[in-house]
>>> print(open('model31.txt').read())   # compact mmCIF, C-alpha atoms
# COMPACT_ATOMS: atom_id res chain seq x y z
CA MET A 1 -36.46 -62.27 43.37
CA SER A 2 -37.18 -63.16 39.77
CA LYS A 3 -38.27 -59.55 39.24
CA LEU A 4 -34.93 -58.38 40.62
CA PHE A 5 -32.95 -60.49 38.13
CA SER A 6 -35.24 -59.49 35.29
CA ASN A 7 -34.60 -55.78 36.00
CA LYS A 8 -31.13 -55.50 34.44
CA PRO A 9 -30.52 -51.78 35.11
CA LEU A 10 -31.33 -52.22 38.78
CA LEU A 11 -29.20 -55.36 39.02
CA ILE A 12 -26.22 -53.63 37.40
CA THR A 13 -26.60 -50.69 39.80
CA ILE A 14 -26.62 -52.99 42.87
CA VAL A 15 -23.58 -54.93 41.65
CA ALA A 16 -21.70 -51.70 40.94
CA ILE A 17 -22.46 -50.39 44.45
CA LEU A 18 -21.24 -53.66 46.01
CA VAL A 19 -18.06 -53.64 43.93
CA LEU A 20 -17.28 -50.03 44.82
CA GLY A 21 -18.02 -50.70 48.46
CA LEU A 22 -15.70 -53.69 48.53
CA LEU A 23 -12.99 -51.73 46.73
CA ALA A 24 -13.27 -48.95 49.26
CA PHE A 25 -13.20 -51.44 52.12
CA PHE A 26 -10.13 -53.26 50.90
CA THR A 27 -8.15 -50.14 50.16
CA SER A 28 -8.91 -48.23 53.36
CA GLY A 29 -6.32 -47.90 56.13
CA ASP A 30 -3.40 -50.11 57.27
CA ARG A 31 -4.76 -53.26 58.95
CA THR A 32 -4.36 -57.05 58.92
CA LEU A 33 -6.71 -58.69 56.44
CA SER A 34 -8.64 -61.88 57.20
CA PHE A 35 -8.48 -64.88 54.88
CA VAL A 36 -11.83 -63.96 53.33
CA GLU A 37 -10.80 -60.36 52.90
CA SER A 38 -7.51 -61.38 51.38
CA THR A 39 -9.22 -63.81 49.02
CA LEU A 40 -11.80 -61.26 47.94
CA GLY A 41 -9.07 -58.66 47.62
CA SER A 42 -7.21 -60.95 45.23
CA ILE A 43 -10.38 -61.40 43.21
CA PHE A 44 -11.14 -57.69 42.99
CA GLN A 45 -7.54 -56.53 42.55
CA PRO A 46 -7.68 -56.83 38.72
CA VAL A 47 -10.94 -54.89 38.74
CA GLN A 48 -9.31 -52.18 40.85
CA GLN A 49 -6.28 -52.07 38.56
CA PHE A 50 -8.52 -51.85 35.49
CA SER A 51 -10.51 -49.02 37.07
CA TYR A 52 -7.30 -47.17 37.90
CA ASN A 53 -5.94 -47.59 34.39
CA ILE A 54 -9.20 -46.45 32.80
CA SER A 55 -9.37 -43.35 35.00
CA GLY A 56 -5.76 -42.50 34.09
CA GLU A 57 -6.43 -42.87 30.37
CA ILE A 58 -9.57 -40.72 30.65
CA ALA A 59 -7.58 -38.03 32.47
CA ASP A 60 -4.85 -38.14 29.80
CA PHE A 61 -7.46 -37.96 27.02
CA PHE A 62 -9.16 -34.86 28.40
CA GLY A 63 -5.76 -33.37 29.24
CA ARG A 64 -4.70 -33.69 25.61
CA ILE A 65 -7.98 -32.07 24.48
CA PHE A 66 -7.50 -29.08 26.77
CA MET A 67 -3.82 -28.80 25.78
CA SER A 68 -4.77 -28.88 22.09
CA ARG A 69 -7.29 -26.10 22.67
CA ASP A 70 -4.64 -24.03 24.45
CA ILE A 71 -2.19 -24.55 21.56
CA ASP A 72 -4.83 -23.58 18.98
CA LYS A 73 -5.62 -20.43 20.96
CA GLU A 74 -1.94 -19.56 21.26
CA ASN A 75 -1.41 -20.13 17.52
CA ALA A 76 -4.37 -17.88 16.70
CA GLU A 77 -2.94 -15.14 18.92
CA LEU A 78 0.50 -15.49 17.29
CA ARG A 79 -1.03 -15.30 13.80
CA ALA A 80 -2.89 -12.13 14.81
CA GLN A 81 0.34 -10.61 16.12
CA ILE A 82 2.14 -11.49 12.87
CA GLU A 83 -0.59 -9.79 10.81
CA GLN A 84 -0.33 -6.70 13.01
CA LEU A 85 3.44 -6.60 12.50
CA LYS A 86 3.00 -6.97 8.73
CA GLN A 87 0.58 -4.03 8.69
CA LYS A 88 2.97 -1.93 10.76
CA LEU A 89 5.78 -2.69 8.29
CA LEU A 90 3.55 -1.70 5.37
CA ASP A 91 2.58 1.54 7.13
CA TYR A 92 6.24 2.23 7.88
CA ASP A 93 7.28 1.66 4.26
CA LYS A 94 4.45 3.91 3.04
CA THR A 95 5.38 6.68 5.48
CA LYS A 96 9.05 6.35 4.57
CA SER A 97 8.25 6.59 0.86
CA GLU A 98 6.03 9.64 1.42
CA ASN A 99 8.72 11.34 3.50
CA GLU A 100 11.35 10.70 0.82
CA SER A 101 9.03 12.10 -1.85
CA LEU A 102 8.30 15.23 0.20
CA ARG A 103 12.01 15.68 0.95
CA LYS A 104 12.80 15.61 -2.77
CA LEU A 105 10.10 18.20 -3.42
CA LEU A 106 11.45 20.42 -0.64
CA ASP A 107 15.01 20.15 -1.95
CA TYR A 108 13.85 20.97 -5.47
CA SER A 109 11.78 23.96 -4.36
CA SER A 110 14.91 25.45 -2.77
CA THR A 111 16.36 25.95 -6.27
CA PHE A 112 13.76 28.72 -6.68
CA SER A 113 14.92 30.82 -3.74
CA ASP A 114 12.41 33.61 -4.27
CA GLY A 115 9.40 31.36 -4.90
CA GLU A 116 6.65 30.16 -2.58
CA PHE A 117 5.26 26.65 -2.94
CA VAL A 118 2.41 24.55 -1.61
CA ALA A 119 2.90 20.78 -1.43
CA ALA A 120 -0.10 18.66 -2.44
CA GLN A 121 -1.08 15.03 -2.85
CA VAL A 122 -2.81 13.56 -5.89
CA ILE A 123 -6.29 12.37 -4.89
CA GLY A 124 -7.79 11.71 -8.32
CA LYS A 125 -6.89 11.11 -11.94
CA GLY A 126 -8.77 11.43 -15.20
CA THR A 127 -10.04 8.52 -17.26
CA SER A 128 -7.69 8.96 -20.22
CA ALA A 129 -4.88 6.52 -20.92
CA TRP A 130 -2.20 8.76 -19.39
CA PHE A 131 -4.18 10.59 -16.67
CA ASP A 132 -3.68 14.01 -18.28
CA ILE A 133 -6.11 15.59 -15.78
CA ILE A 134 -5.32 15.15 -12.08
CA THR A 135 -6.94 16.34 -8.86
CA VAL A 136 -4.93 17.34 -5.78
CA ASN A 137 -5.95 18.00 -2.18
CA VAL A 138 -5.43 21.79 -1.94
CA GLY A 139 -7.53 24.66 -3.25
CA ARG A 140 -8.62 28.13 -2.26
CA ASN A 141 -7.88 27.22 1.36
CA LYS A 142 -4.17 27.31 0.42
CA GLY A 143 -4.32 30.28 -1.92
CA ILE A 144 -4.38 28.23 -5.13
CA GLU A 145 -5.48 30.01 -8.32
CA THR A 146 -5.98 28.96 -11.93
CA GLY A 147 -2.90 29.16 -14.13
CA MET A 148 -0.43 28.33 -11.36
CA CYS A 149 2.53 26.12 -12.25
CA VAL A 150 2.57 22.53 -10.97
CA MET A 151 5.77 20.46 -10.82
CA THR A 152 7.62 17.63 -9.11
CA SER A 153 11.30 17.08 -8.37
CA ASP A 154 11.48 15.36 -11.79
CA GLY A 155 10.07 18.27 -13.76
CA LEU A 156 7.02 20.10 -15.06
CA VAL A 157 3.57 18.57 -14.49
CA GLY A 158 1.22 21.25 -15.88
CA ARG A 159 -1.04 24.13 -14.85
CA VAL A 160 -3.95 24.55 -12.43
CA THR A 161 -7.15 24.85 -14.48
CA ASN A 162 -9.96 24.57 -11.91
CA VAL A 163 -10.02 25.44 -8.20
CA GLY A 164 -12.39 24.37 -5.42
CA ALA A 165 -12.44 25.10 -1.70
CA THR A 166 -10.09 22.26 -0.75
CA TRP A 167 -9.06 20.83 -4.13
CA CYS A 168 -7.93 21.82 -7.59
CA LYS A 169 -7.60 20.20 -11.00
CA VAL A 170 -4.38 20.24 -12.97
CA SER A 171 -4.10 19.89 -16.75
CA ALA A 172 -0.87 18.03 -17.42
CA ILE A 173 1.50 18.98 -20.23
CA ILE A 174 0.66 15.69 -21.95
CA ASP A 175 -2.89 16.99 -22.47
CA GLY A 176 -3.31 18.04 -26.09
CA SER A 177 -4.99 21.29 -25.05
CA VAL A 178 -1.97 22.48 -23.03
CA SER A 179 0.97 24.31 -24.59
CA VAL A 180 4.11 25.72 -22.95
CA SER A 181 7.21 27.50 -24.15
CA GLY A 182 10.22 25.18 -24.08
CA MET A 183 13.93 25.76 -24.58
CA ASN A 184 16.79 23.53 -25.72
CA ASN A 185 19.26 23.65 -22.85
CA ARG A 186 22.19 23.15 -25.25
CA THR A 187 21.42 25.70 -27.97
CA ARG A 188 18.92 27.95 -26.12
CA ASP A 189 16.52 27.68 -29.09
CA VAL A 190 12.90 28.19 -28.06
CA GLY A 191 9.77 26.46 -29.36
CA ILE A 192 6.24 25.47 -28.35
CA ILE A 193 5.51 22.16 -26.62
CA LYS A 194 2.12 20.40 -26.71
CA GLY A 195 0.91 16.99 -25.65
CA LEU A 196 0.43 14.35 -28.35
CA VAL A 197 -2.86 12.51 -27.89
CA GLU A 198 -1.83 8.99 -28.89
CA ALA A 199 -3.31 6.25 -26.74
CA ASP A 200 -1.46 3.48 -28.62
CA THR A 201 2.03 4.62 -27.55
CA ALA A 202 3.89 2.86 -24.75
CA THR A 203 4.57 6.18 -22.98
CA PRO A 204 3.03 9.67 -23.19
CA ARG A 205 4.83 11.96 -25.62
CA LEU A 206 5.19 15.67 -26.33
CA GLY A 207 5.64 17.51 -29.62
CA LEU A 208 8.06 20.42 -30.08
CA SER A 209 7.17 22.95 -32.81
CA TYR A 210 7.95 26.48 -34.01
CA LEU A 211 11.71 26.22 -33.62
CA PRO A 212 13.73 28.92 -35.46
CA ALA A 213 14.92 28.30 -39.01
CA GLY A 214 18.02 26.15 -39.21
CA PHE A 215 17.57 24.90 -35.65
CA ASP A 216 20.16 22.59 -34.14
CA LEU A 217 18.43 19.73 -32.35
CA VAL A 218 19.54 16.12 -31.79
CA PRO A 219 18.17 13.15 -29.83
CA GLY A 220 19.28 13.41 -26.22
CA ASP A 221 18.89 17.19 -26.00
CA ILE A 222 17.19 18.30 -22.79
CA ILE A 223 14.20 20.61 -23.00
CA SER A 224 13.14 22.85 -20.11
CA THR A 225 10.78 25.77 -19.62
CA SER A 226 11.98 28.98 -21.30
CA GLY A 227 10.55 31.41 -18.77
CA LEU A 228 8.62 33.28 -21.48
CA GLY A 229 5.36 34.02 -19.73
CA ALA A 230 4.53 34.94 -16.16
CA ASP A 231 3.16 31.56 -15.05
CA LEU A 232 6.14 29.26 -15.71
CA PRO A 233 9.62 30.14 -14.43
CA ARG A 234 12.65 29.35 -16.54
CA GLY A 235 14.58 26.13 -16.06
CA ILE A 236 11.96 23.56 -15.04
CA PRO A 237 12.89 20.28 -16.78
CA ILE A 238 10.28 19.09 -19.29
CA GLY A 239 11.80 16.10 -21.07
CA ILE A 240 14.38 14.68 -23.43
CA VAL A 241 14.35 14.69 -27.24
CA THR A 242 13.87 11.18 -28.66
CA GLU A 243 13.23 11.96 -32.35
CA VAL A 244 13.94 14.91 -34.67
CA MET A 245 11.94 15.74 -37.80
CA GLN A 246 12.83 17.95 -40.80
CA ALA A 247 13.23 21.68 -40.31
CA ASP A 248 9.81 22.84 -41.46
CA GLN A 249 8.13 26.02 -40.25
CA ASP A 250 4.62 24.85 -41.16
CA ALA A 251 2.35 25.66 -38.21
CA ASP A 252 1.17 22.04 -38.05
CA LYS A 253 4.62 20.54 -38.37
CA ILE A 254 6.25 18.94 -35.33
CA ASN A 255 10.01 19.46 -35.22
CA ALA A 256 10.76 16.89 -32.53
CA ILE A 257 9.30 14.28 -30.17
CA ILE A 258 9.99 14.65 -26.45
CA GLU A 259 9.64 12.06 -23.71
CA PRO A 260 8.54 13.84 -20.50
CA TYR A 261 10.55 13.37 -17.32
CA VAL A 262 7.51 13.13 -15.04
CA ASP A 263 6.01 9.66 -14.57
CA PHE A 264 2.34 10.58 -14.94
CA LEU A 265 1.17 7.02 -14.33
CA HIS A 266 2.62 6.99 -10.81
CA LEU A 267 2.26 10.64 -9.84
CA GLU A 268 1.56 11.04 -6.10
CA ASP A 269 3.00 14.31 -4.74
CA VAL A 270 3.37 17.70 -6.45
CA LEU A 271 4.44 21.28 -5.77
CA ILE A 272 2.29 24.25 -6.77
CA LEU A 273 4.09 27.53 -7.33
CA THR A 274 1.98 30.21 -5.63
CA SER A 275 4.19 33.25 -6.28
CA PRO A 276 6.17 34.42 -9.34
CA VAL A 277 9.90 33.64 -9.45
CA THR A 278 12.72 34.92 -11.59
CA GLY A 279 13.83 31.46 -12.67
CA GLY A 280 15.55 28.27 -11.65
>>> encode(input="model31.txt", output="structure tokens")
Amino acid sequence: MSKLFSNKPLLITIVAILVLGLLAFFTSGDRTLSFVESTLGSIFQPVQQFSYNISGEIADFFGRIFMSRDIDKENAELRAQIEQLKQKLLDYDKTKSENESLRKLLDYSSTFSDGEFVAAQVIGKGTSAWFDIITVNVGRNKGIETGMCVMTSDGLVGRVTNVGATWCKVSAIIDGSVSVSGMNNRTRDVGIIKGLVEADTATPRLGLSYLPAGFDLVPGDIISTSGLGADLPRGIPIGIVTEVMQADQDADKINAIIEPYVDFLHLEDVLILTSPVTGG
């Protein structure tokens, strides 16, 4: 017997079995209890109540844990759905912007009724400050050849200078090596336009030279292509005069500064003229 009382785990197990047995006995069925049963029932009733309360609290505890896990899972799913909706909105805005840009190009190309155009997207830009060399995603596969005119709905971009199978490079009019014949829309005076290579300016600029003696030119005059030459049709907007110099016919003298209409920093879509036209 002394060994039994010295073995605490075994003793606790026996007592627990007796308590559970008595609890089961006193709570089973509808019957009249004896005095002993009633007395023992009164003794064990607090134990039974405590056991019931503990089991309820344990159930509530685990219920809250599972509910919290369900809420976390639901929140994660909702966050994922929100991110998907955000991406769809971004894709929609991008597609809408691209469609608007292409619609403008299409509307502008209709001003040259006898011309044929190929629409292209800019896929690369040069390393200079103003991206005066750009690459677009069409080439020989679309009938592109060197020298073809490139434009946007805002105005003249430049000429095709190198052609690959599915791409071509365009030298923009802001490139110092490119020159085009430009005309003052107000006076019809014609001169030569070249890009001014000045990296320290806030915007790319063009120089207008070789105007006729006694030319009439003021800030705000609009300059467009003159149509002199087979590659550039007449009437494509180039830019606006911002500064006028003295009337000097020196070959190196610039008569005026022009701000181009095309935003070369944000150029995305262009039109390439693939057939000669009579003018815009």
>>> closest_residue(input="model31.txt", among="A:Pro204, A:Pro233, A:Pro260, A:Gly239", to="A:Asp221", atoms="all atoms listed in the file")
A:Gly239
>>> atom_distance(input="model31.txt", atom1="atom CA of A:Val157", atom2="atom CA of A:Phe117")
14.2 Å
>>> closest_residue(input="model31.txt", among="A:Arg234, A:Lys253, A:Lys194, A:Lys104", to="A:Asp154", atoms="all atoms listed in the file")
A:Lys104
>>> residues_around(input="model31.txt", residues="A:Pro237", least_positions_apart="3", cutoff="9 Å", atoms="all atoms listed in the file", output="JSON, numbers by chain")
{"A": [154, 155, 156, 222, 223, 224, 225, 240, 260, 261]}
>>> closest_residue(input="model31.txt", among="A:Met148, A:Ile134, A:Leu217, A:Cys168", to="A:Ile257", atoms="all atoms listed in the file")
A:Leu217
>>> atom_distance(input="model31.txt", atom1="atom CA of A:Gln121", atom2="atom CA of A:Lys86")
25.2 Å
>>> atom_distance(input="model31.txt", atom1="atom CA of A:Thr274", atom2="atom CA of A:Val136")
14.6 Å
>>> closest_residue(input="model31.txt", among="A:Leu85, A:Val262, A:Val270, A:Val118", to="A:Asn141", atoms="all atoms listed in the file")
A:Val118
>>> closest_residue(input="model31.txt", among="A:Thr187, A:Thr161, A:Ser226, A:Gln87", to="A:Gly139", atoms="all atoms listed in the file")
A:Thr161
>>> closest_residue(input="model31.txt", among="A:Gly227, A:Pro219, A:Pro276, A:Gly176", to="A:Glu116", atoms="all atoms listed in the file")
A:Pro276
>>> residues_around(input="model31.txt", residues="A:Leu273", least_positions_apart="5", cutoff="10 Å", atoms="all atoms listed in the file", output="PyMOL selection string")
chain A and resi 109+112+115-119+144-145+147-151+159-160+231-233
